[in-house]
Number of protein chains: 2
Amino acid sequence: MSNDLTARRKGVGRGLAFVVTGPSGAGKNSVINRTMAGLPSLEYSISYTTRPPREREVDGVDYHFISREEFAERIERGDFAEHATYLGDSYGTSRSQIDGMVARGVDVILNIEVEGAKLIRRDGLGGHTVVFVFLVPSSLARLEERLRARGSESSEQIAARLDVAKREMDALGIFDYLVINDDLETAVAELRAIVTAERLRLS
Amino acid sequence: MSNDLTARRKGVGRGLAFVVTGPSGAGKNSVINRTMAGLPSLEYSISYTTRPPREREVDGVDYHFISREEFAERIERGDFAEHATYLGDSYGTSRSQIDGMVARGVDVILNIEVEGAKLIRRDGLGGHTVVFVFLVPSSLARLEERLRARGSESSEQIAARLDVAKREMDALGIFDYLVINDDLETAVAELRAIVTAERLRLS
């Protein structure tokens, strides 16, 4: 009975894609990394980007850091399930990477800028079931604090990110879940709960 | 920002109703009781029933045990948001009890027989947002084991419950989540995750 029944769940045999989006500086990377630590069968889809690595970011782990030329070629070849430009840098999600993960029966978690997430909401992600989590800081003041603590951008770049963040908040309503990253442990517990619950969903 | 944003969640200011349903003997009471222990702002809606109390069941805690006459009067007065009959006994959910809880800003969890849950799925529950969780044992053998361990019914009654259970499984597809109660701790963790996640849902 049990085997028959689990097959009635939405993600079973098809794989779920969890898109974590939200303003830059909301803490998407930290929350995703810690969430994955406690959950089996959940793998991170490493995005491609033309932006230079920040301190402590590792090529092939945090992102695939590639040149603008290679990015353009990959667009041309249709390698990206979605791609978007944020403050002059491009970000893309590899179609084959996601298909490969889902084929192995694992769920995928993706860190996507808001513009890219809006595109996925509109166009889908290669036919996979997508769950959207909007991660925000508790306030813009907190966001600014976090961007400054990161120490990787100039004051002008931070001002630009805050400006974009304000506009990005408007997109909130099109996503499925809202997680407020005020306390990291709470945000991680909430994202884990979302993944766990979605895996129990009936189709 | 945070205050504004949380107001965009589905349950905020309106209250969510979690209907836990599934075959008799699936362990709905145990799972609900333990789930509530770890979650704030979640209260149990005590059903009315004409069935006699089982050993250790307390009137006004597990159920309101009432006569058939009182049950009929309550139907007449429109007291029940839903009511259904299961193996000759009637079960009803008090409309005013749920409205009162939701007005106090808490979420409500209900233990409802499958027939009653189907009615709520069809007709709603006084306009409240309802989330349906179908709880099942890992197998019919396990279910039989549990019904026997309970020691409150005869072999004929158990056979009847198993018979109904098989039919009730067909209703599965109309509900939102499937929790398999093989291991109690796991089932409790899963129901908690569902409540936590649904509270983060955007409307």
# chains A, B, ... in the order shown; residues from 1 in each chain; ligands from 1
$ interface_residues --of "chain A" --to "chain B" --cutoff "9 Å" --atoms "only C-alpha atoms" --output "number ranges by chain"
A: 1-3, 5-6, 8-9, 136-140, 169, 172-180, 190-203
$ write_last_selection --atoms "N, CA and C atoms" --output "tab-separated table (two decimals), in the first residue's frame"
chain	number	residue	atom	x	y	z
A	1	MET	N	0.83	-1.19	0.00
A	1	MET	CA	0.00	0.00	0.00
A	1	MET	C	0.88	1.25	0.00
A	2	SER	N	1.87	1.25	0.88
A	2	SER	CA	2.73	2.40	1.03
A	2	SER	C	3.39	2.81	-0.31
A	3	ASN	N	3.94	1.81	-1.02
A	3	ASN	CA	4.60	2.11	-2.29
A	3	ASN	C	3.65	2.70	-3.31
A	5	LEU	N	0.94	4.31	-2.68
A	5	LEU	CA	0.47	5.62	-2.25
A	5	LEU	C	1.50	6.71	-2.49
A	6	THR	N	2.76	6.46	-2.16
A	6	THR	CA	3.76	7.51	-2.33
A	6	THR	C	3.86	7.94	-3.79
A	8	ARG	N	1.58	8.64	-5.55
A	8	ARG	CA	0.56	9.65	-5.81
A	8	ARG	C	1.04	11.05	-5.46
A	9	ARG	N	2.23	11.12	-4.84
A	9	ARG	CA	2.77	12.44	-4.49
A	9	ARG	C	3.32	13.12	-5.73
A	136	VAL	N	13.56	37.24	2.12
A	136	VAL	CA	13.84	38.68	2.30
A	136	VAL	C	14.47	38.90	3.68
A	137	PRO	N	15.21	39.99	3.80
A	137	PRO	CA	15.71	40.35	5.12
A	137	PRO	C	14.57	40.99	5.89
A	138	SER	N	14.73	41.15	7.22
A	138	SER	CA	13.63	41.70	8.02
A	138	SER	C	13.40	43.18	7.72
A	139	SER	N	14.42	43.87	7.19
A	139	SER	CA	14.23	45.28	6.83
A	139	SER	C	15.30	45.69	5.83
A	140	LEU	N	15.08	46.81	5.18
A	140	LEU	CA	16.07	47.32	4.22
A	140	LEU	C	17.34	47.72	4.96
A	169	MET	N	10.84	43.83	-4.29
A	169	MET	CA	9.81	43.47	-3.30
A	169	MET	C	8.42	43.42	-3.94
A	172	LEU	N	7.01	40.02	-5.07
A	172	LEU	CA	6.63	39.09	-4.00
A	172	LEU	C	5.40	38.22	-4.29
A	173	GLY	N	4.32	38.89	-4.69
A	173	GLY	CA	3.03	38.23	-4.81
A	173	GLY	C	2.97	37.07	-5.80
A	174	ILE	N	3.90	37.00	-6.71
A	174	ILE	CA	3.83	35.92	-7.72
A	174	ILE	C	4.48	34.63	-7.23
A	175	PHE	N	5.13	34.68	-6.05
A	175	PHE	CA	5.82	33.48	-5.57
A	175	PHE	C	4.96	32.70	-4.58
A	176	ASP	N	5.45	31.51	-4.16
A	176	ASP	CA	4.62	30.61	-3.35
A	176	ASP	C	4.77	30.83	-1.84
A	177	TYR	N	6.01	31.03	-1.41
A	177	TYR	CA	6.29	31.12	0.03
A	177	TYR	C	7.13	32.36	0.33
A	178	LEU	N	6.92	32.90	1.52
A	178	LEU	CA	7.73	34.02	1.99
A	178	LEU	C	8.49	33.61	3.24
A	179	VAL	N	9.82	33.66	3.16
A	179	VAL	CA	10.65	33.39	4.33
A	179	VAL	C	11.40	34.67	4.67
A	180	ILE	N	11.30	35.09	5.93
A	180	ILE	CA	11.99	36.30	6.36
A	180	ILE	C	13.26	35.91	7.10
A	190	GLU	N	12.57	27.02	8.40
A	190	GLU	CA	11.39	27.27	7.57
A	190	GLU	C	11.59	26.73	6.15
A	191	LEU	N	12.76	26.94	5.58
A	191	LEU	CA	13.00	26.43	4.22
A	191	LEU	C	12.98	24.89	4.23
A	192	ARG	N	13.53	24.29	5.27
A	192	ARG	CA	13.47	22.83	5.38
A	192	ARG	C	12.02	22.35	5.47
A	193	ALA	N	11.22	23.06	6.23
A	193	ALA	CA	9.80	22.69	6.37
A	193	ALA	C	9.10	22.76	5.01
A	194	ILE	N	9.43	23.79	4.23
A	194	ILE	CA	8.82	23.94	2.91
A	194	ILE	C	9.19	22.75	2.02
A	195	VAL	N	10.48	22.39	2.01
A	195	VAL	CA	10.93	21.27	1.18
A	195	VAL	C	10.24	19.98	1.64
A	196	THR	N	10.22	19.76	2.94
A	196	THR	CA	9.60	18.54	3.49
A	196	THR	C	8.12	18.48	3.13
A	197	ALA	N	7.42	19.59	3.34
A	197	ALA	CA	5.98	19.62	3.06
A	197	ALA	C	5.70	19.41	1.57
A	198	GLU	N	6.44	20.08	0.72
A	198	GLU	CA	6.18	19.96	-0.72
A	198	GLU	C	6.39	18.53	-1.22
A	199	ARG	N	7.30	17.82	-0.57
A	199	ARG	CA	7.55	16.42	-0.95
A	199	ARG	C	6.37	15.52	-0.56
A	200	LEU	N	5.52	15.99	0.35
A	200	LEU	CA	4.37	15.21	0.80
A	200	LEU	C	3.11	15.56	0.02
A	201	ARG	N	3.21	16.56	-0.86
A	201	ARG	CA	2.04	17.02	-1.61
A	201	ARG	C	1.51	15.99	-2.58
A	202	LEU	N	0.21	15.89	-2.62
A	202	LEU	CA	-0.44	15.01	-3.60
A	202	LEU	C	-0.59	15.77	-4.92
A	203	SER	N	-0.55	15.04	-6.01
A	203	SER	CA	-0.65	15.74	-7.29
A	203	SER	C	-2.10	15.83	-7.74
$ residues_around --residues "Phe80 of chain B" --least-positions-apart "3" --cutoff "12 Å" --atoms "only C-alpha atoms" --output "PyMOL selection string"
chain B and resi 46-49+71-77+83-84+90-99+116+119-120+125-126
$ write_last_selection --atoms "C-alpha atoms" --output "mmCIF file, in the first residue's frame"
data_model
loop_
_atom_site.group_PDB
_atom_site.id
_atom_site.type_symbol
_atom_site.label_atom_id
_atom_site.label_comp_id
_atom_site.auth_asym_id
_atom_site.auth_seq_id
_atom_site.Cartn_x
_atom_site.Cartn_y
_atom_site.Cartn_z
ATOM 1 C CA ILE B 46 -13.111 19.181 19.537
ATOM 2 C CA SER B 47 -15.681 17.295 17.483
ATOM 3 C CA TYR B 48 -19.107 16.177 18.653
ATOM 4 C CA THR B 49 -19.958 12.510 18.380
ATOM 5 C CA PHE B 71 -26.864 15.604 17.805
ATOM 6 C CA ALA B 72 -30.091 15.882 15.794
ATOM 7 C CA GLU B 73 -30.999 19.136 17.574
ATOM 8 C CA ARG B 74 -27.591 20.609 16.785
ATOM 9 C CA ILE B 75 -28.003 19.716 13.113
ATOM 10 C CA GLU B 76 -31.417 21.387 13.221
ATOM 11 C CA ARG B 77 -29.967 24.586 14.738
ATOM 12 C CA HIS B 83 -21.334 16.329 9.975
ATOM 13 C CA ALA B 84 -21.157 12.775 8.726
ATOM 14 C CA SER B 90 -22.317 10.520 13.834
ATOM 15 C CA TYR B 91 -19.520 13.069 13.992
ATOM 16 C CA GLY B 92 -19.876 16.840 13.702
ATOM 17 C CA THR B 93 -17.687 19.941 13.695
ATOM 18 C CA SER B 94 -18.905 22.984 15.603
ATOM 19 C CA ARG B 95 -19.114 26.068 13.445
ATOM 20 C CA SER B 96 -18.952 28.570 16.349
ATOM 21 C CA GLN B 97 -15.944 26.845 17.912
ATOM 22 C CA ILE B 98 -13.892 27.244 14.737
ATOM 23 C CA ASP B 99 -15.060 30.815 14.129
ATOM 24 C CA GLY B 116 -16.704 14.551 6.652
ATOM 25 C CA LEU B 119 -17.856 17.295 2.533
ATOM 26 C CA ILE B 120 -15.511 20.070 3.701
ATOM 27 C CA LEU B 125 -15.540 25.349 6.187
ATOM 28 C CA GLY B 126 -17.264 28.660 6.877
#
$ select_by_dssp --residues "segment 6-203 of chain B" --states "helix (DSSP H, G or I)" --output "PyMOL selection string"
chain B and resi 6+28-37+68-77+95-103+114-123+140-150+155-174+184-199
$ write_last_selection --atoms "C-alpha atoms" --output "short mmCIF file (atom, residue, chain, number, x, y, z; two decimals), in the first residue's frame"
data_model
loop_
_atom_site.label_atom_id
_atom_site.label_comp_id
_atom_site.auth_asym_id
_atom_site.auth_seq_id
_atom_site.Cartn_x
_atom_site.Cartn_y
_atom_site.Cartn_z
CA THR B 6 3.94 39.01 6.65
CA LYS B 28 -4.85 10.68 13.70
CA ASN B 29 -5.23 11.44 17.42
CA SER B 30 -1.66 10.53 18.39
CA VAL B 31 -0.14 12.42 15.48
CA ILE B 32 -2.29 15.52 16.11
CA ASN B 33 -1.59 15.59 19.85
CA ARG B 34 2.17 15.40 19.43
CA THR B 35 2.20 17.84 16.55
CA MET B 36 0.41 20.47 18.62
CA ALA B 37 2.89 20.13 21.49
CA ARG B 68 -28.36 11.08 19.20
CA GLU B 69 -31.15 13.45 20.21
CA GLU B 70 -28.77 16.29 21.03
CA PHE B 71 -26.86 15.60 17.80
CA ALA B 72 -30.09 15.88 15.79
CA GLU B 73 -31.00 19.14 17.57
CA ARG B 74 -27.59 20.61 16.78
CA ILE B 75 -28.00 19.72 13.11
CA GLU B 76 -31.42 21.39 13.22
CA ARG B 77 -29.97 24.59 14.74
CA ARG B 95 -19.11 26.07 13.45
CA SER B 96 -18.95 28.57 16.35
CA GLN B 97 -15.94 26.85 17.91
CA ILE B 98 -13.89 27.24 14.74
CA ASP B 99 -15.06 30.81 14.13
CA GLY B 100 -14.10 31.68 17.72
CA MET B 101 -10.59 30.24 17.36
CA VAL B 102 -9.92 31.92 14.07
CA ALA B 103 -11.24 35.24 15.48
CA VAL B 114 -12.93 10.78 5.56
CA GLU B 115 -16.61 11.27 4.70
CA GLY B 116 -16.70 14.55 6.65
CA ALA B 117 -13.44 15.72 5.08
CA LYS B 118 -14.90 15.08 1.62
CA LEU B 119 -17.86 17.30 2.53
CA ILE B 120 -15.51 20.07 3.70
CA ARG B 121 -13.50 19.76 0.50
CA ARG B 122 -16.73 20.19 -1.45
CA ASP B 123 -18.49 22.85 0.63
CA LEU B 140 -3.64 -2.48 5.84
CA ALA B 141 -1.92 -5.15 7.94
CA ARG B 142 -0.50 -2.38 10.10
CA LEU B 143 -3.91 -0.77 10.34
CA GLU B 144 -5.49 -4.02 11.51
CA GLU B 145 -2.72 -4.42 14.07
CA ARG B 146 -3.43 -0.95 15.44
CA LEU B 147 -7.18 -1.41 15.58
CA ARG B 148 -6.67 -4.68 17.50
CA ALA B 149 -4.16 -3.08 19.89
CA ARG B 150 -6.71 -0.38 20.68
CA SER B 155 -13.54 -8.56 15.40
CA GLU B 156 -16.65 -7.74 13.36
CA GLN B 157 -16.25 -4.02 14.01
CA ILE B 158 -12.58 -4.20 13.06
CA ALA B 159 -13.44 -6.04 9.85
CA ALA B 160 -15.97 -3.32 9.04
CA ARG B 161 -13.40 -0.57 9.70
CA LEU B 162 -10.88 -2.28 7.43
CA ASP B 163 -13.49 -2.59 4.75
CA VAL B 164 -14.30 1.11 4.97
CA ALA B 165 -10.57 1.95 5.06
CA LYS B 166 -9.99 0.25 1.71
CA ARG B 167 -12.72 2.35 0.14
CA GLU B 168 -11.54 5.53 1.86
CA MET B 169 -8.13 5.19 0.22
CA ASP B 170 -9.81 6.04 -3.08
CA ALA B 171 -10.54 9.55 -1.78
CA LEU B 172 -6.84 10.24 -1.41
CA GLY B 173 -6.48 12.26 -4.60
CA ILE B 174 -8.76 15.11 -3.51
CA LEU B 184 5.13 8.15 14.74
CA GLU B 185 8.03 10.60 15.16
CA THR B 186 8.43 10.92 11.40
CA ALA B 187 4.71 11.45 10.87
CA VAL B 188 4.68 14.16 13.57
CA ALA B 189 7.71 15.90 12.04
CA GLU B 190 5.99 15.81 8.65
CA LEU B 191 2.71 17.24 9.92
CA ARG B 192 4.63 20.00 11.72
CA ALA B 193 6.49 20.79 8.51
CA ILE B 194 3.17 21.06 6.68
CA VAL B 195 1.75 23.49 9.27
CA THR B 196 4.96 25.54 9.28
CA ALA B 197 5.13 25.68 5.49
CA GLU B 198 1.47 26.57 5.01
CA ARG B 199 1.91 29.49 7.41
#
$ select_by_dssp --residues "segment 61-201 of chain A" --states "strand (DSSP E)" --output "ChimeraX atom specification"
/A:64-65,80-86,89-94,107-111,129-137,177-181
$ write_last_selection --atoms "C-alpha atoms" --output "PDB file, in the first residue's frame"
ATOM      1  CA  HIS A  64      30.569  28.570 -12.674  1.00  0.00           C
ATOM      2  CA  PHE A  65      32.403  31.836 -13.369  1.00  0.00           C
ATOM      3  CA  PHE A  80      20.161  27.922 -20.327  1.00  0.00           C
ATOM      4  CA  ALA A  81      16.727  27.133 -18.942  1.00  0.00           C
ATOM      5  CA  GLU A  82      16.660  30.812 -17.906  1.00  0.00           C
ATOM      6  CA  HIS A  83      19.122  33.676 -17.889  1.00  0.00           C
ATOM      7  CA  ALA A  84      18.863  37.249 -16.721  1.00  0.00           C
ATOM      8  CA  THR A  85      21.058  40.277 -16.185  1.00  0.00           C
ATOM      9  CA  TYR A  86      21.365  41.929 -12.806  1.00  0.00           C
ATOM     10  CA  ASP A  89      26.223  40.890 -14.760  1.00  0.00           C
ATOM     11  CA  SER A  90      24.517  37.904 -16.333  1.00  0.00           C
ATOM     12  CA  TYR A  91      23.306  34.780 -14.544  1.00  0.00           C
ATOM     13  CA  GLY A  92      22.089  31.576 -16.163  1.00  0.00           C
ATOM     14  CA  THR A  93      20.703  28.188 -15.135  1.00  0.00           C
ATOM     15  CA  SER A  94      21.967  25.132 -16.999  1.00  0.00           C
ATOM     16  CA  ASP A 107      15.205  17.340  -6.011  1.00  0.00           C
ATOM     17  CA  VAL A 108      17.018  20.479  -7.093  1.00  0.00           C
ATOM     18  CA  ILE A 109      17.475  23.732  -5.229  1.00  0.00           C
ATOM     19  CA  LEU A 110      18.389  26.858  -7.165  1.00  0.00           C
ATOM     20  CA  ASN A 111      19.578  30.306  -6.140  1.00  0.00           C
ATOM     21  CA  THR A 129       7.451  21.160 -10.941  1.00  0.00           C
ATOM     22  CA  VAL A 130       8.803  24.408  -9.491  1.00  0.00           C
ATOM     23  CA  VAL A 131       8.267  25.748  -5.972  1.00  0.00           C
ATOM     24  CA  PHE A 132       9.180  29.413  -5.429  1.00  0.00           C
ATOM     25  CA  VAL A 133      10.488  30.711  -2.119  1.00  0.00           C
ATOM     26  CA  PHE A 134      10.964  34.453  -1.725  1.00  0.00           C
ATOM     27  CA  LEU A 135      13.641  35.168   0.878  1.00  0.00           C
ATOM     28  CA  VAL A 136      13.839  38.681   2.303  1.00  0.00           C
ATOM     29  CA  PRO A 137      15.713  40.351   5.122  1.00  0.00           C
ATOM     30  CA  TYR A 177       6.290  31.120   0.030  1.00  0.00           C
ATOM     31  CA  LEU A 178       7.726  34.024   1.990  1.00  0.00           C
ATOM     32  CA  VAL A 179      10.655  33.392   4.331  1.00  0.00           C
ATOM     33  CA  ILE A 180      11.991  36.305   6.364  1.00  0.00           C
ATOM     34  CA  ASN A 181      15.674  35.940   7.109  1.00  0.00           C
TER      35      ASN A 181
END
$ decode --residues "segment 86-195 of chain A" --atoms "C-alpha atoms" --output "PDB file, in the first residue's frame"
ATOM      1  CA  TYR A  86      21.365  41.929 -12.806  1.00  0.00           C
ATOM      2  CA  LEU A  87      23.310  45.211 -12.428  1.00  0.00           C
ATOM      3  CA  GLY A  88      25.319  44.510 -15.576  1.00  0.00           C
ATOM      4  CA  ASP A  89      26.223  40.890 -14.760  1.00  0.00           C
ATOM      5  CA  SER A  90      24.517  37.904 -16.333  1.00  0.00           C
ATOM      6  CA  TYR A  91      23.306  34.780 -14.544  1.00  0.00           C
ATOM      7  CA  GLY A  92      22.089  31.576 -16.163  1.00  0.00           C
ATOM      8  CA  THR A  93      20.703  28.188 -15.135  1.00  0.00           C
ATOM      9  CA  SER A  94      21.967  25.132 -16.999  1.00  0.00           C
ATOM     10  CA  ARG A  95      19.178  23.103 -18.520  1.00  0.00           C
ATOM     11  CA  SER A  96      21.160  19.852 -18.768  1.00  0.00           C
ATOM     12  CA  GLN A  97      22.365  20.105 -15.157  1.00  0.00           C
ATOM     13  CA  ILE A  98      18.786  20.229 -13.842  1.00  0.00           C
ATOM     14  CA  ASP A  99      17.538  17.519 -16.188  1.00  0.00           C
ATOM     15  CA  GLY A 100      20.414  15.291 -15.055  1.00  0.00           C
ATOM     16  CA  MET A 101      19.623  15.777 -11.368  1.00  0.00           C
ATOM     17  CA  VAL A 102      15.928  15.158 -11.792  1.00  0.00           C
ATOM     18  CA  ALA A 103      16.670  12.051 -13.887  1.00  0.00           C
ATOM     19  CA  ARG A 104      18.693  10.706 -10.949  1.00  0.00           C
ATOM     20  CA  GLY A 105      15.572  11.168  -8.794  1.00  0.00           C
ATOM     21  CA  VAL A 106      16.829  13.990  -6.605  1.00  0.00           C
ATOM     22  CA  ASP A 107      15.205  17.340  -6.011  1.00  0.00           C
ATOM     23  CA  VAL A 108      17.018  20.479  -7.093  1.00  0.00           C
ATOM     24  CA  ILE A 109      17.475  23.732  -5.229  1.00  0.00           C
ATOM     25  CA  LEU A 110      18.389  26.858  -7.165  1.00  0.00           C
ATOM     26  CA  ASN A 111      19.578  30.306  -6.140  1.00  0.00           C
ATOM     27  CA  ILE A 112      18.095  32.689  -8.685  1.00  0.00           C
ATOM     28  CA  GLU A 113      17.996  36.491  -8.907  1.00  0.00           C
ATOM     29  CA  VAL A 114      14.464  37.916  -8.857  1.00  0.00           C
ATOM     30  CA  GLU A 115      14.416  38.748 -12.581  1.00  0.00           C
ATOM     31  CA  GLY A 116      15.369  35.173 -13.449  1.00  0.00           C
ATOM     32  CA  ALA A 117      12.800  33.756 -11.040  1.00  0.00           C
ATOM     33  CA  LYS A 118      10.097  35.873 -12.685  1.00  0.00           C
ATOM     34  CA  LEU A 119      11.070  34.363 -16.051  1.00  0.00           C
ATOM     35  CA  ILE A 120      10.850  30.834 -14.609  1.00  0.00           C
ATOM     36  CA  ARG A 121       7.474  31.633 -13.078  1.00  0.00           C
ATOM     37  CA  ARG A 122       6.299  32.767 -16.516  1.00  0.00           C
ATOM     38  CA  ASP A 123       7.940  30.134 -18.735  1.00  0.00           C
ATOM     39  CA  GLY A 124       8.521  27.196 -16.397  1.00  0.00           C
ATOM     40  CA  LEU A 125      11.741  25.236 -16.026  1.00  0.00           C
ATOM     41  CA  GLY A 126      11.885  22.479 -18.617  1.00  0.00           C
ATOM     42  CA  GLY A 127       8.567  21.032 -17.486  1.00  0.00           C
ATOM     43  CA  HIS A 128       9.703  20.358 -13.904  1.00  0.00           C
ATOM     44  CA  THR A 129       7.451  21.160 -10.941  1.00  0.00           C
ATOM     45  CA  VAL A 130       8.803  24.408  -9.491  1.00  0.00           C
ATOM     46  CA  VAL A 131       8.267  25.748  -5.972  1.00  0.00           C
ATOM     47  CA  PHE A 132       9.180  29.413  -5.429  1.00  0.00           C
ATOM     48  CA  VAL A 133      10.488  30.711  -2.119  1.00  0.00           C
ATOM     49  CA  PHE A 134      10.964  34.453  -1.725  1.00  0.00           C
ATOM     50  CA  LEU A 135      13.641  35.168   0.878  1.00  0.00           C
ATOM     51  CA  VAL A 136      13.839  38.681   2.303  1.00  0.00           C
ATOM     52  CA  PRO A 137      15.713  40.351   5.122  1.00  0.00           C
ATOM     53  CA  SER A 138      13.626  41.703   8.018  1.00  0.00           C
ATOM     54  CA  SER A 139      14.231  45.282   6.830  1.00  0.00           C
ATOM     55  CA  LEU A 140      16.072  47.316   4.218  1.00  0.00           C
ATOM     56  CA  ALA A 141      18.347  48.593   7.012  1.00  0.00           C
ATOM     57  CA  ARG A 142      19.270  44.973   7.755  1.00  0.00           C
ATOM     58  CA  LEU A 143      19.853  44.350   4.062  1.00  0.00           C
ATOM     59  CA  GLU A 144      22.217  47.319   3.826  1.00  0.00           C
ATOM     60  CA  GLU A 145      24.055  46.082   6.919  1.00  0.00           C
ATOM     61  CA  ARG A 146      24.522  42.674   5.320  1.00  0.00           C
ATOM     62  CA  LEU A 147      25.698  44.041   1.989  1.00  0.00           C
ATOM     63  CA  ARG A 148      28.272  46.218   3.810  1.00  0.00           C
ATOM     64  CA  ALA A 149      29.439  43.309   5.972  1.00  0.00           C
ATOM     65  CA  ARG A 150      30.054  41.299   2.814  1.00  0.00           C
ATOM     66  CA  GLY A 151      32.629  43.957   1.904  1.00  0.00           C
ATOM     67  CA  SER A 152      32.671  43.014  -1.755  1.00  0.00           C
ATOM     68  CA  GLU A 153      31.032  46.123  -3.221  1.00  0.00           C
ATOM     69  CA  SER A 154      31.550  49.883  -3.221  1.00  0.00           C
ATOM     70  CA  SER A 155      29.034  52.278  -1.625  1.00  0.00           C
ATOM     71  CA  GLU A 156      27.669  53.042  -5.097  1.00  0.00           C
ATOM     72  CA  GLN A 157      27.181  49.354  -5.852  1.00  0.00           C
ATOM     73  CA  ILE A 158      25.432  48.861  -2.506  1.00  0.00           C
ATOM     74  CA  ALA A 159      23.137  51.835  -3.155  1.00  0.00           C
ATOM     75  CA  ALA A 160      22.270  50.323  -6.545  1.00  0.00           C
ATOM     76  CA  ARG A 161      21.527  46.922  -4.970  1.00  0.00           C
ATOM     77  CA  LEU A 162      19.257  48.539  -2.362  1.00  0.00           C
ATOM     78  CA  ASP A 163      17.477  50.425  -5.078  1.00  0.00           C
ATOM     79  CA  VAL A 164      16.865  47.226  -7.039  1.00  0.00           C
ATOM     80  CA  ALA A 165      15.818  45.436  -3.817  1.00  0.00           C
ATOM     81  CA  LYS A 166      13.012  47.942  -3.202  1.00  0.00           C
ATOM     82  CA  ARG A 167      11.634  47.297  -6.673  1.00  0.00           C
ATOM     83  CA  GLU A 168      12.081  43.532  -6.364  1.00  0.00           C
ATOM     84  CA  MET A 169       9.808  43.468  -3.297  1.00  0.00           C
ATOM     85  CA  ASP A 170       6.939  44.249  -5.656  1.00  0.00           C
ATOM     86  CA  ALA A 171       7.370  40.844  -7.309  1.00  0.00           C
ATOM     87  CA  LEU A 172       6.625  39.087  -4.005  1.00  0.00           C
ATOM     88  CA  GLY A 173       3.025  38.228  -4.815  1.00  0.00           C
ATOM     89  CA  ILE A 174       3.829  35.920  -7.718  1.00  0.00           C
ATOM     90  CA  PHE A 175       5.821  33.482  -5.572  1.00  0.00           C
ATOM     91  CA  ASP A 176       4.622  30.612  -3.345  1.00  0.00           C
ATOM     92  CA  TYR A 177       6.290  31.120   0.030  1.00  0.00           C
ATOM     93  CA  LEU A 178       7.726  34.024   1.990  1.00  0.00           C
ATOM     94  CA  VAL A 179      10.655  33.392   4.331  1.00  0.00           C
ATOM     95  CA  ILE A 180      11.991  36.305   6.364  1.00  0.00           C
ATOM     96  CA  ASN A 181      15.674  35.940   7.109  1.00  0.00           C
ATOM     97  CA  ASP A 182      15.884  37.776  10.405  1.00  0.00           C
ATOM     98  CA  ASP A 183      17.355  34.873  12.327  1.00  0.00           C
ATOM     99  CA  LEU A 184      19.361  32.413  10.184  1.00  0.00           C
ATOM    100  CA  GLU A 185      18.380  29.299  12.155  1.00  0.00           C
ATOM    101  CA  THR A 186      14.683  30.144  11.874  1.00  0.00           C
ATOM    102  CA  ALA A 187      14.951  30.820   8.145  1.00  0.00           C
ATOM    103  CA  VAL A 188      16.743  27.489   7.613  1.00  0.00           C
ATOM    104  CA  ALA A 189      14.103  25.603   9.641  1.00  0.00           C
ATOM    105  CA  GLU A 190      11.394  27.267   7.565  1.00  0.00           C
ATOM    106  CA  LEU A 191      12.996  26.426   4.223  1.00  0.00           C
ATOM    107  CA  ARG A 192      13.473  22.832   5.380  1.00  0.00           C
ATOM    108  CA  ALA A 193       9.800  22.688   6.367  1.00  0.00           C
ATOM    109  CA  ILE A 194       8.816  23.936   2.909  1.00  0.00           C
ATOM    110  CA  VAL A 195      10.930  21.270   1.177  1.00  0.00           C
TER     111      VAL A 195
END
